[in-house]
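target-v9.txt, holding compact mmCIF, N, CA and C atoms:
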```txt
# COMPACT_ATOMS: atom_id res chain seq x y z
N MET H 1 -114.28 -69.54 41.71
CA MET H 1 -114.42 -68.20 42.19
C MET H 1 -114.39 -68.21 43.72
N ILE H 2 -113.59 -67.37 44.32
CA ILE H 2 -113.45 -67.29 45.77
C ILE H 2 -114.35 -66.19 46.29
N MET H 3 -115.18 -66.56 47.28
CA MET H 3 -116.10 -65.59 47.87
C MET H 3 -115.47 -65.01 49.13
N LYS H 4 -115.57 -63.71 49.28
CA LYS H 4 -115.08 -63.05 50.48
C LYS H 4 -116.22 -62.91 51.48
N LYS H 5 -115.87 -62.96 52.77
CA LYS H 5 -116.87 -62.74 53.80
C LYS H 5 -117.26 -61.26 53.82
N GLN H 6 -118.51 -61.05 54.05
CA GLN H 6 -119.01 -59.67 54.11
C GLN H 6 -118.56 -59.05 55.43
N ARG H 7 -118.14 -57.83 55.37
CA ARG H 7 -117.72 -57.09 56.55
C ARG H 7 -118.59 -55.85 56.69
N GLY H 8 -118.79 -55.43 57.92
CA GLY H 8 -119.54 -54.20 58.17
C GLY H 8 -121.02 -54.45 58.34
N MET H 9 -121.74 -53.36 58.40
CA MET H 9 -123.17 -53.43 58.66
C MET H 9 -123.95 -53.25 57.36
N THR H 10 -125.09 -53.91 57.29
CA THR H 10 -125.95 -53.75 56.13
C THR H 10 -126.79 -52.48 56.29
N LEU H 11 -127.49 -52.13 55.26
CA LEU H 11 -128.33 -50.93 55.29
C LEU H 11 -129.44 -51.06 56.33
N ILE H 12 -130.01 -52.24 56.44
CA ILE H 12 -131.08 -52.46 57.42
C ILE H 12 -130.55 -52.31 58.85
N SER H 13 -129.38 -52.85 59.11
CA SER H 13 -128.83 -52.72 60.47
C SER H 13 -128.48 -51.27 60.78
N TRP H 14 -128.02 -50.51 59.79
CA TRP H 14 -127.76 -49.08 60.00
C TRP H 14 -129.06 -48.35 60.33
N ALA H 15 -130.12 -48.66 59.60
CA ALA H 15 -131.42 -48.03 59.86
C ALA H 15 -131.91 -48.37 61.26
N LEU H 16 -131.72 -49.61 61.68
CA LEU H 16 -132.12 -50.02 63.02
C LEU H 16 -131.34 -49.27 64.10
N VAL H 17 -130.05 -49.17 63.93
CA VAL H 17 -129.20 -48.45 64.89
C VAL H 17 -129.60 -46.98 64.95
N LEU H 18 -129.81 -46.36 63.80
CA LEU H 18 -130.20 -44.94 63.77
C LEU H 18 -131.58 -44.75 64.38
N GLY H 19 -132.49 -45.69 64.18
CA GLY H 19 -133.82 -45.62 64.80
C GLY H 19 -133.74 -45.67 66.32
N ILE H 20 -132.89 -46.54 66.84
CA ILE H 20 -132.72 -46.66 68.30
C ILE H 20 -132.10 -45.38 68.86
N ILE H 21 -131.12 -44.86 68.17
CA ILE H 21 -130.48 -43.61 68.61
C ILE H 21 -131.50 -42.46 68.59
N ALA H 22 -132.32 -42.39 67.54
CA ALA H 22 -133.33 -41.33 67.45
C ALA H 22 -134.36 -41.46 68.56
N PHE H 23 -134.75 -42.68 68.89
CA PHE H 23 -135.72 -42.90 69.97
C PHE H 23 -135.18 -42.38 71.29
N PHE H 24 -133.96 -42.76 71.64
CA PHE H 24 -133.40 -42.32 72.93
C PHE H 24 -133.10 -40.82 72.92
N ALA H 25 -132.73 -40.27 71.77
CA ALA H 25 -132.50 -38.83 71.69
C ALA H 25 -133.81 -38.07 71.93
N THR H 26 -134.92 -38.60 71.41
CA THR H 26 -136.22 -37.97 71.62
C THR H 26 -136.61 -38.02 73.09
N VAL H 27 -136.38 -39.16 73.74
CA VAL H 27 -136.69 -39.28 75.16
C VAL H 27 -135.89 -38.27 75.97
N VAL H 28 -134.61 -38.16 75.68
CA VAL H 28 -133.74 -37.22 76.41
C VAL H 28 -134.18 -35.78 76.16
N MET H 29 -134.53 -35.44 74.93
CA MET H 29 -134.95 -34.07 74.63
C MET H 29 -136.26 -33.71 75.32
N ARG H 30 -137.11 -34.68 75.59
CA ARG H 30 -138.36 -34.41 76.30
C ARG H 30 -138.16 -34.36 77.82
N LEU H 31 -137.27 -35.18 78.34
CA LEU H 31 -137.08 -35.26 79.80
C LEU H 31 -136.12 -34.21 80.35
N LEU H 32 -135.13 -33.82 79.58
CA LEU H 32 -134.11 -32.89 80.08
C LEU H 32 -134.70 -31.57 80.59
N PRO H 33 -135.58 -30.89 79.83
CA PRO H 33 -136.15 -29.64 80.37
C PRO H 33 -136.95 -29.83 81.65
N MET H 34 -137.61 -30.98 81.75
CA MET H 34 -138.39 -31.31 82.94
C MET H 34 -137.48 -31.36 84.17
N TYR H 35 -136.35 -32.03 84.04
CA TYR H 35 -135.43 -32.16 85.16
C TYR H 35 -134.65 -30.87 85.42
N GLN H 36 -134.36 -30.10 84.39
CA GLN H 36 -133.72 -28.80 84.61
C GLN H 36 -134.63 -27.90 85.43
N GLU H 37 -135.91 -27.93 85.12
CA GLU H 37 -136.86 -27.13 85.88
C GLU H 37 -136.94 -27.61 87.33
N TYR H 38 -136.93 -28.93 87.53
CA TYR H 38 -136.97 -29.48 88.89
C TYR H 38 -135.75 -29.05 89.69
N PHE H 39 -134.57 -29.08 89.09
CA PHE H 39 -133.38 -28.66 89.82
C PHE H 39 -133.42 -27.16 90.12
N GLY H 40 -134.10 -26.37 89.28
CA GLY H 40 -134.34 -24.97 89.60
C GLY H 40 -135.25 -24.82 90.81
N VAL H 41 -136.28 -25.68 90.89
CA VAL H 41 -137.18 -25.66 92.05
C VAL H 41 -136.42 -26.03 93.32
N VAL H 42 -135.56 -27.04 93.23
CA VAL H 42 -134.76 -27.44 94.40
C VAL H 42 -133.86 -26.30 94.84
N HIS H 43 -133.25 -25.61 93.90
CA HIS H 43 -132.37 -24.48 94.24
C HIS H 43 -133.17 -23.36 94.91
N ILE H 44 -134.36 -23.08 94.40
CA ILE H 44 -135.22 -22.05 95.01
C ILE H 44 -135.63 -22.47 96.42
N MET H 45 -135.95 -23.75 96.59
CA MET H 45 -136.35 -24.24 97.92
C MET H 45 -135.20 -24.14 98.92
N GLU H 46 -133.98 -24.38 98.48
CA GLU H 46 -132.83 -24.22 99.38
C GLU H 46 -132.72 -22.77 99.84
N GLY H 47 -132.93 -21.83 98.93
CA GLY H 47 -132.92 -20.41 99.29
C GLY H 47 -134.06 -20.04 100.22
N MET H 48 -135.23 -20.64 99.97
CA MET H 48 -136.38 -20.37 100.83
C MET H 48 -136.19 -20.93 102.23
N GLU H 49 -135.49 -22.05 102.33
CA GLU H 49 -135.22 -22.61 103.66
C GLU H 49 -134.35 -21.66 104.47
N VAL H 50 -133.33 -21.10 103.84
CA VAL H 50 -132.47 -20.13 104.53
C VAL H 50 -133.29 -18.90 104.90
N GLU H 51 -134.14 -18.46 103.98
CA GLU H 51 -134.99 -17.29 104.23
C GLU H 51 -135.94 -17.55 105.40
N ALA H 52 -136.54 -18.72 105.45
CA ALA H 52 -137.49 -19.05 106.52
C ALA H 52 -136.79 -19.19 107.87
N ARG H 53 -135.57 -19.70 107.87
CA ARG H 53 -134.82 -19.84 109.13
C ARG H 53 -134.39 -18.47 109.68
N ASN H 54 -133.99 -17.57 108.79
CA ASN H 54 -133.44 -16.28 109.23
C ASN H 54 -134.49 -15.20 109.45
N ASN H 55 -135.63 -15.30 108.77
CA ASN H 55 -136.67 -14.27 108.87
C ASN H 55 -137.97 -14.93 109.32
N LYS H 56 -138.80 -14.15 109.93
CA LYS H 56 -140.12 -14.63 110.35
C LYS H 56 -141.10 -14.32 109.22
N LEU H 57 -141.38 -15.30 108.37
CA LEU H 57 -142.26 -15.10 107.22
C LEU H 57 -143.68 -15.57 107.52
N THR H 58 -144.64 -14.78 107.05
CA THR H 58 -146.02 -15.24 107.09
C THR H 58 -146.27 -16.09 105.84
N LYS H 59 -147.45 -16.73 105.81
CA LYS H 59 -147.77 -17.56 104.64
C LYS H 59 -147.82 -16.72 103.36
N ASN H 60 -148.42 -15.54 103.44
CA ASN H 60 -148.51 -14.68 102.26
C ASN H 60 -147.14 -14.21 101.80
N GLN H 61 -146.27 -13.85 102.74
CA GLN H 61 -144.93 -13.43 102.38
C GLN H 61 -144.15 -14.58 101.72
N ALA H 62 -144.29 -15.77 102.27
CA ALA H 62 -143.59 -16.93 101.70
C ALA H 62 -144.11 -17.24 100.31
N MET H 63 -145.42 -17.18 100.10
CA MET H 63 -145.99 -17.45 98.77
C MET H 63 -145.54 -16.40 97.76
N THR H 64 -145.52 -15.14 98.18
CA THR H 64 -145.07 -14.07 97.29
C THR H 64 -143.62 -14.25 96.91
N LEU H 65 -142.77 -14.58 97.89
CA LEU H 65 -141.36 -14.83 97.59
C LEU H 65 -141.18 -16.00 96.64
N LEU H 66 -141.92 -17.08 96.87
CA LEU H 66 -141.83 -18.25 95.98
C LEU H 66 -142.24 -17.88 94.55
N GLN H 67 -143.36 -17.18 94.42
CA GLN H 67 -143.83 -16.81 93.08
C GLN H 67 -142.82 -15.91 92.36
N LYS H 68 -142.23 -14.96 93.08
CA LYS H 68 -141.22 -14.10 92.45
C LYS H 68 -140.01 -14.90 92.02
N ARG H 69 -139.57 -15.83 92.86
CA ARG H 69 -138.40 -16.65 92.51
C ARG H 69 -138.72 -17.61 91.37
N PHE H 70 -139.94 -18.12 91.32
CA PHE H 70 -140.33 -18.98 90.20
C PHE H 70 -140.37 -18.19 88.90
N ASN H 71 -140.85 -16.95 88.97
CA ASN H 71 -140.89 -16.12 87.76
C ASN H 71 -139.49 -15.80 87.24
N THR H 72 -138.57 -15.46 88.13
CA THR H 72 -137.23 -15.14 87.68
C THR H 72 -136.45 -16.40 87.30
N GLY H 73 -136.83 -17.55 87.83
CA GLY H 73 -136.16 -18.80 87.50
C GLY H 73 -136.80 -19.56 86.37
N TYR H 74 -137.81 -18.96 85.71
CA TYR H 74 -138.52 -19.59 84.59
C TYR H 74 -139.11 -20.95 84.97
N ILE H 75 -139.73 -21.00 86.14
CA ILE H 75 -140.41 -22.20 86.61
C ILE H 75 -141.90 -22.02 86.30
N PHE H 76 -142.41 -22.79 85.34
CA PHE H 76 -143.80 -22.62 84.92
C PHE H 76 -144.69 -23.80 85.31
N SER H 77 -144.13 -24.91 85.71
CA SER H 77 -144.93 -26.10 86.00
C SER H 77 -145.52 -26.10 87.40
N VAL H 78 -144.96 -25.33 88.31
CA VAL H 78 -145.45 -25.31 89.69
C VAL H 78 -146.52 -24.23 89.81
N LYS H 79 -147.72 -24.66 90.17
CA LYS H 79 -148.85 -23.75 90.35
C LYS H 79 -149.12 -23.57 91.85
N LYS H 80 -149.96 -22.61 92.18
CA LYS H 80 -150.28 -22.36 93.60
C LYS H 80 -150.87 -23.59 94.27
N ASP H 81 -151.63 -24.37 93.53
CA ASP H 81 -152.24 -25.58 94.10
C ASP H 81 -151.21 -26.64 94.47
N ASN H 82 -150.01 -26.56 93.88
CA ASN H 82 -148.96 -27.55 94.14
C ASN H 82 -148.11 -27.19 95.36
N ILE H 83 -148.36 -26.04 95.96
CA ILE H 83 -147.53 -25.56 97.07
C ILE H 83 -148.33 -25.64 98.36
N GLU H 84 -147.73 -26.25 99.37
CA GLU H 84 -148.34 -26.32 100.69
C GLU H 84 -147.41 -25.63 101.68
N ILE H 85 -147.91 -24.55 102.26
CA ILE H 85 -147.12 -23.79 103.24
C ILE H 85 -147.80 -23.97 104.59
N SER H 86 -147.01 -24.36 105.60
CA SER H 86 -147.61 -24.57 106.92
C SER H 86 -146.75 -23.95 108.01
N ARG H 87 -147.43 -23.66 109.11
CA ARG H 87 -146.75 -23.10 110.28
C ARG H 87 -146.41 -24.24 111.22
N GLY H 88 -145.43 -23.97 112.07
CA GLY H 88 -145.01 -24.98 113.04
C GLY H 88 -145.93 -25.01 114.25
N GLN H 89 -145.63 -25.89 115.16
CA GLN H 89 -146.41 -26.00 116.38
C GLN H 89 -146.20 -24.76 117.24
N ASN H 90 -147.31 -24.17 117.66
CA ASN H 90 -147.27 -22.96 118.50
C ASN H 90 -146.43 -21.86 117.86
N ASN H 91 -146.52 -21.74 116.56
CA ASN H 91 -145.70 -20.77 115.84
C ASN H 91 -146.58 -20.06 114.82
N LEU H 92 -146.41 -18.76 114.69
CA LEU H 92 -147.18 -18.00 113.72
C LEU H 92 -146.48 -17.89 112.38
N HIS H 93 -145.24 -18.32 112.31
CA HIS H 93 -144.43 -18.12 111.11
C HIS H 93 -144.26 -19.44 110.36
N VAL H 94 -143.96 -19.31 109.09
CA VAL H 94 -143.81 -20.47 108.20
C VAL H 94 -142.61 -21.30 108.65
N SER H 95 -142.84 -22.60 108.77
CA SER H 95 -141.74 -23.49 109.12
C SER H 95 -141.60 -24.64 108.14
N LYS H 96 -142.60 -24.85 107.28
CA LYS H 96 -142.53 -25.96 106.35
C LYS H 96 -143.17 -25.58 105.02
N ILE H 97 -142.47 -25.91 103.94
CA ILE H 97 -143.01 -25.71 102.59
C ILE H 97 -142.84 -27.03 101.84
N VAL H 98 -143.93 -27.48 101.23
CA VAL H 98 -143.92 -28.71 100.43
C VAL H 98 -144.37 -28.36 99.02
N ILE H 99 -143.59 -28.79 98.04
CA ILE H 99 -143.97 -28.61 96.64
C ILE H 99 -144.06 -30.00 96.03
N ASP H 100 -145.23 -30.32 95.50
CA ASP H 100 -145.49 -31.64 94.92
C ASP H 100 -146.24 -31.42 93.61
N TYR H 101 -145.61 -31.72 92.48
CA TYR H 101 -146.23 -31.43 91.19
C TYR H 101 -145.86 -32.48 90.15
N GLU H 102 -146.63 -32.48 89.06
CA GLU H 102 -146.41 -33.38 87.94
C GLU H 102 -146.20 -32.57 86.67
N VAL H 103 -145.37 -33.11 85.79
CA VAL H 103 -145.16 -32.50 84.48
C VAL H 103 -145.45 -33.57 83.43
N ARG H 104 -146.28 -33.22 82.45
CA ARG H 104 -146.58 -34.13 81.33
C ARG H 104 -146.04 -33.53 80.06
N LYS H 105 -145.28 -34.31 79.33
CA LYS H 105 -144.76 -33.89 78.03
C LYS H 105 -145.20 -34.90 76.99
N PRO H 106 -145.76 -34.44 75.87
CA PRO H 106 -146.14 -35.38 74.83
C PRO H 106 -144.91 -36.06 74.25
N PHE H 107 -145.01 -37.36 74.04
CA PHE H 107 -143.88 -38.12 73.50
C PHE H 107 -144.15 -38.47 72.04
N MET H 108 -145.09 -39.37 71.81
CA MET H 108 -145.51 -39.66 70.45
C MET H 108 -146.90 -40.28 70.48
N ALA H 109 -147.70 -39.92 69.50
CA ALA H 109 -149.09 -40.36 69.40
C ALA H 109 -149.82 -40.04 70.71
N GLN H 110 -150.41 -41.04 71.37
CA GLN H 110 -151.12 -40.82 72.63
C GLN H 110 -150.27 -41.18 73.85
N ILE H 111 -148.99 -41.17 73.70
CA ILE H 111 -148.08 -41.52 74.79
C ILE H 111 -147.44 -40.25 75.34
N ASP H 112 -147.57 -40.06 76.65
CA ASP H 112 -146.95 -38.92 77.33
C ASP H 112 -145.86 -39.40 78.27
N LEU H 113 -144.87 -38.56 78.45
CA LEU H 113 -143.86 -38.81 79.49
C LEU H 113 -144.28 -37.98 80.70
N ILE H 114 -144.34 -38.63 81.86
CA ILE H 114 -144.81 -37.97 83.07
C ILE H 114 -143.70 -37.96 84.11
N GLY H 115 -143.45 -36.81 84.67
CA GLY H 115 -142.51 -36.69 85.78
C GLY H 115 -143.24 -36.21 87.01
N HIS H 116 -143.07 -36.90 88.12
CA HIS H 116 -143.69 -36.50 89.39
C HIS H 116 -142.56 -36.05 90.31
N PHE H 117 -142.64 -34.82 90.78
CA PHE H 117 -141.56 -34.24 91.57
C PHE H 117 -142.08 -33.79 92.94
N HIS H 118 -141.25 -33.98 93.94
CA HIS H 118 -141.62 -33.64 95.32
C HIS H 118 -140.37 -33.10 96.01
N THR H 119 -140.52 -31.95 96.63
CA THR H 119 -139.43 -31.39 97.43
C THR H 119 -140.05 -30.63 98.60
N GLU H 120 -139.37 -30.65 99.73
CA GLU H 120 -139.89 -29.99 100.92
C GLU H 120 -138.76 -29.63 101.86
N PHE H 121 -139.08 -28.74 102.79
CA PHE H 121 -138.18 -28.47 103.91
C PHE H 121 -139.01 -28.18 105.14
N ASP H 122 -138.41 -28.43 106.29
CA ASP H 122 -139.05 -28.17 107.57
C ASP H 122 -138.00 -27.56 108.48
N THR H 123 -138.20 -26.30 108.85
CA THR H 123 -137.20 -25.61 109.67
C THR H 123 -137.22 -26.07 111.12
N GLU H 124 -138.29 -26.76 111.52
CA GLU H 124 -138.34 -27.25 112.91
C GLU H 124 -137.48 -28.49 113.12
N LEU H 125 -137.18 -29.19 112.03
CA LEU H 125 -136.28 -30.34 112.14
C LEU H 125 -134.86 -29.82 112.16
N SER H 126 -134.03 -30.46 112.94
CA SER H 126 -132.62 -30.05 112.95
C SER H 126 -131.98 -30.52 111.66
N PRO H 127 -130.99 -29.81 111.14
CA PRO H 127 -130.36 -30.17 109.87
C PRO H 127 -129.75 -31.58 109.89
N THR H 128 -129.37 -32.08 111.05
CA THR H 128 -128.75 -33.41 111.10
C THR H 128 -129.78 -34.53 111.08
N SER H 129 -131.05 -34.23 111.39
CA SER H 129 -132.05 -35.29 111.44
C SER H 129 -132.73 -35.55 110.10
N LYS H 130 -132.35 -34.84 109.06
CA LYS H 130 -132.97 -35.02 107.75
C LYS H 130 -132.54 -36.29 107.12
```

Taking this structure as input, can you express it in the form of structure tokens?
Amino acid sequence: MIMKKQRGMTLISWALVLGIIAFFATVVMRLLPMYQEYFGVVHIMEGMEVEARNNKLTKNQAMTLLQKRFNTGYIFSVKKDNIEISRGQNNLHVSKIVIDYEVRKPFMAQIDLIGHFHTEFDTELSPTSK
């Protein structure tokens, strides 16, 4: 009797491959919204930088504008405590905004995926020195 070599994958190897694919798909599904929100924050900050350069904003005006833009951009992870608004040297108007926040998403069991995000602008720095 002539035996043929087995070709293809066994059931166990298929289960292993599908398990690995499911693991990475779960990681991507948890991280993707986190990064989409961060890129929304970056886009809002770019608009705020233009606004701060062209208009003389007070701290309250800048905070109000940020909150309105976060509401319309569906940004829920950034809280007031995560925003630092400061005035420049010898200046009454906002020249720097720093946003530094963390997002925690449950992954599985007691394991969380954590993203730490930081973005800022300073209108007193020249655009070429960044």

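For the choices H:Ala62, H:Lys68, H:Arg53, H:Tyr74, the atom-to-atom distance to Gly40 in chain H is smallest for H:Tyr74 when using only N, CA and C atoms.
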
* Return the single residue from H:Phe70, H:Met3, H:Glu124, H:Ala22 that is closest to Asn90 in chain H, with distances computed using only C-alpha atoms. =>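 Of the candidates, the smallest distance to Asn90 in chain H is held by H:Glu124.
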
* From the DSSP assignment of the backbone, select every residue of range 34-82 of chain H that is alpha helix (DSSP H), and format the answer as a ChimeraX atom specification. => /H:34-54,59-72

* Structure fact -> Computed gap from atom N of His116 in chain H to atom N of Glu102 in chain H is 5.8 Å

* Separation of atom N of Met48 in chain H and atom C of Leu125 in chain H, in Å? ->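 Distance between the two atoms: 15.3 Å.
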
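Proximity to Tyr101 in chain H was assessed for H:Ile12, H:Val50, H:Val41, H:Val78 counting only C-alpha atoms; the smallest distance is recorded for H:Val78.
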
Using only C-alpha atoms, which protein or nucleic acid residues come within 9 Å of range 26-36 of chain H? Drop anything in the same chain fewer than 2 positions from it, and give the result as a short mmCIF file (atom, residue, chain, number, x, y, z; two decimals) with N, CA and C atoms, keeping the file's coordinate frame.
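Wrote out_28.cif, looks like this:
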```
data_model
loop_
_atom_site.label_atom_id
_atom_site.label_comp_id
_atom_site.auth_asym_id
_atom_site.auth_seq_id
_atom_site.Cartn_x
_atom_site.Cartn_y
_atom_site.Cartn_z
N ILE H 21 -131.12 -44.86 68.17
CA ILE H 21 -130.48 -43.61 68.61
C ILE H 21 -131.50 -42.46 68.59
N ALA H 22 -132.32 -42.39 67.54
CA ALA H 22 -133.33 -41.33 67.45
C ALA H 22 -134.36 -41.46 68.56
N PHE H 23 -134.75 -42.68 68.89
CA PHE H 23 -135.72 -42.90 69.97
C PHE H 23 -135.18 -42.38 71.29
N PHE H 24 -133.96 -42.76 71.64
CA PHE H 24 -133.40 -42.32 72.93
C PHE H 24 -133.10 -40.82 72.92
N TYR H 38 -136.93 -28.93 87.53
CA TYR H 38 -136.97 -29.48 88.89
C TYR H 38 -135.75 -29.05 89.69
N PHE H 39 -134.57 -29.08 89.09
CA PHE H 39 -133.38 -28.66 89.82
C PHE H 39 -133.42 -27.16 90.12
N GLY H 40 -134.10 -26.37 89.28
CA GLY H 40 -134.34 -24.97 89.60
C GLY H 40 -135.25 -24.82 90.81
N VAL H 41 -136.28 -25.68 90.89
CA VAL H 41 -137.18 -25.66 92.05
C VAL H 41 -136.42 -26.03 93.32
N SER H 77 -144.13 -24.91 85.71
CA SER H 77 -144.93 -26.10 86.00
C SER H 77 -145.52 -26.10 87.40
N VAL H 103 -145.37 -33.11 85.79
CA VAL H 103 -145.16 -32.50 84.48
C VAL H 103 -145.45 -33.57 83.43
N ARG H 104 -146.28 -33.22 82.45
CA ARG H 104 -146.58 -34.13 81.33
C ARG H 104 -146.04 -33.53 80.06
N LYS H 105 -145.28 -34.31 79.33
CA LYS H 105 -144.76 -33.89 78.03
C LYS H 105 -145.20 -34.90 76.99
N PRO H 106 -145.76 -34.44 75.87
CA PRO H 106 -146.14 -35.38 74.83
C PRO H 106 -144.91 -36.06 74.25
N PHE H 107 -145.01 -37.36 74.04
CA PHE H 107 -143.88 -38.12 73.50
C PHE H 107 -144.15 -38.47 72.04
N LEU H 113 -144.87 -38.56 78.45
CA LEU H 113 -143.86 -38.81 79.49
C LEU H 113 -144.28 -37.98 80.70
N ILE H 114 -144.34 -38.63 81.86
CA ILE H 114 -144.81 -37.97 83.07
C ILE H 114 -143.70 -37.96 84.11
N GLY H 115 -143.45 -36.81 84.67
CA GLY H 115 -142.51 -36.69 85.78
C GLY H 115 -143.24 -36.21 87.01
#
```

* **Straight-line distance linking CA of Glu37 in chain H with CA of Gln67 in chain H, stated in Å to one decimal** =>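 So the two atoms, CA of Glu37 in chain H and CA of Gln67 in chain H, lie 14.4 Å apart.
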
* **Option closest in space to Leu92 in chain H, from H:Leu57, H:Thr72, H:Leu65, H:Glu120 [counting all atoms listed in the file]** =>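 When distances to Leu92 in chain H are compared using all atoms listed in the file, the smallest one comes from H:Leu57.
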
* If you run DSSP over the backbone, which residues in chain H end up strand (DSSP E)? Put them as a PyMOL selection string. => chain H and resi 83-87+94-108+111-122

* Test item: residues at most 8 Å from Glu84 in chain H, only N, CA and C atoms, excluding those fewer than 3 positions along its chain, as a ChimeraX atom specification -> /H:80-81,87,96-100

Output requested as a CSV table (one decimal), in the coordinates of the input - range 72-79 of chain H, filled out with all heavy atoms.
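So out-v2.csv came out as:
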```csv
chain,number,residue,atom,x,y,z
H,72,THR,N,-138.6,-15.5,88.1
H,72,THR,CA,-137.2,-15.1,87.7
H,72,THR,C,-136.4,-16.4,87.3
H,72,THR,O,-135.5,-16.3,86.5
H,72,THR,CB,-136.4,-14.4,88.8
H,72,THR,OG1,-136.4,-15.1,90.0
H,72,THR,CG2,-137.1,-13.0,89.0
H,73,GLY,N,-136.8,-17.6,87.8
H,73,GLY,CA,-136.2,-18.8,87.5
H,73,GLY,C,-136.8,-19.6,86.4
H,73,GLY,O,-136.4,-20.7,86.1
H,74,TYR,N,-137.8,-19.0,85.7
H,74,TYR,CA,-138.5,-19.6,84.6
H,74,TYR,C,-139.1,-21.0,85.0
H,74,TYR,O,-139.0,-21.9,84.2
H,74,TYR,CB,-137.6,-19.7,83.4
H,74,TYR,CG,-137.1,-18.4,82.9
H,74,TYR,CD1,-135.8,-18.0,83.1
H,74,TYR,CD2,-138.0,-17.5,82.2
H,74,TYR,CE1,-135.3,-16.8,82.6
H,74,TYR,CE2,-137.5,-16.3,81.7
H,74,TYR,CZ,-136.2,-15.9,82.0
H,74,TYR,OH,-135.8,-14.7,81.5
H,75,ILE,N,-139.7,-21.0,86.1
H,75,ILE,CA,-140.4,-22.2,86.6
H,75,ILE,C,-141.9,-22.0,86.3
H,75,ILE,O,-142.6,-21.2,86.9
H,75,ILE,CB,-140.2,-22.4,88.1
H,75,ILE,CG1,-138.7,-22.4,88.5
H,75,ILE,CG2,-140.9,-23.7,88.6
H,75,ILE,CD1,-137.9,-23.4,87.9
H,76,PHE,N,-142.4,-22.8,85.3
H,76,PHE,CA,-143.8,-22.6,84.9
H,76,PHE,C,-144.7,-23.8,85.3
H,76,PHE,O,-145.9,-23.7,85.2
H,76,PHE,CB,-143.9,-22.4,83.4
H,76,PHE,CG,-143.1,-21.2,82.9
H,76,PHE,CD1,-142.0,-21.4,82.2
H,76,PHE,CD2,-143.5,-19.9,83.3
H,76,PHE,CE1,-141.2,-20.3,81.7
H,76,PHE,CE2,-142.8,-18.8,82.9
H,76,PHE,CZ,-141.6,-19.0,82.1
H,77,SER,N,-144.1,-24.9,85.7
H,77,SER,CA,-144.9,-26.1,86.0
H,77,SER,C,-145.5,-26.1,87.4
H,77,SER,O,-146.5,-26.8,87.7
H,77,SER,CB,-144.1,-27.4,85.8
H,77,SER,OG,-143.7,-27.5,84.5
H,78,VAL,N,-145.0,-25.3,88.3
H,78,VAL,CA,-145.4,-25.3,89.7
H,78,VAL,C,-146.5,-24.2,89.8
H,78,VAL,O,-146.3,-23.1,89.6
H,78,VAL,CB,-144.3,-25.0,90.7
H,78,VAL,CG1,-144.8,-25.0,92.1
H,78,VAL,CG2,-143.2,-26.1,90.5
H,79,LYS,N,-147.7,-24.7,90.2
H,79,LYS,CA,-148.8,-23.8,90.4
H,79,LYS,C,-149.1,-23.6,91.8
H,79,LYS,O,-148.6,-24.3,92.7
H,79,LYS,CB,-150.1,-24.3,89.7
H,79,LYS,CG,-149.9,-24.7,88.2
H,79,LYS,CD,-149.6,-23.5,87.4
H,79,LYS,CE,-149.4,-23.9,85.9
H,79,LYS,NZ,-148.4,-23.3,85.2
```
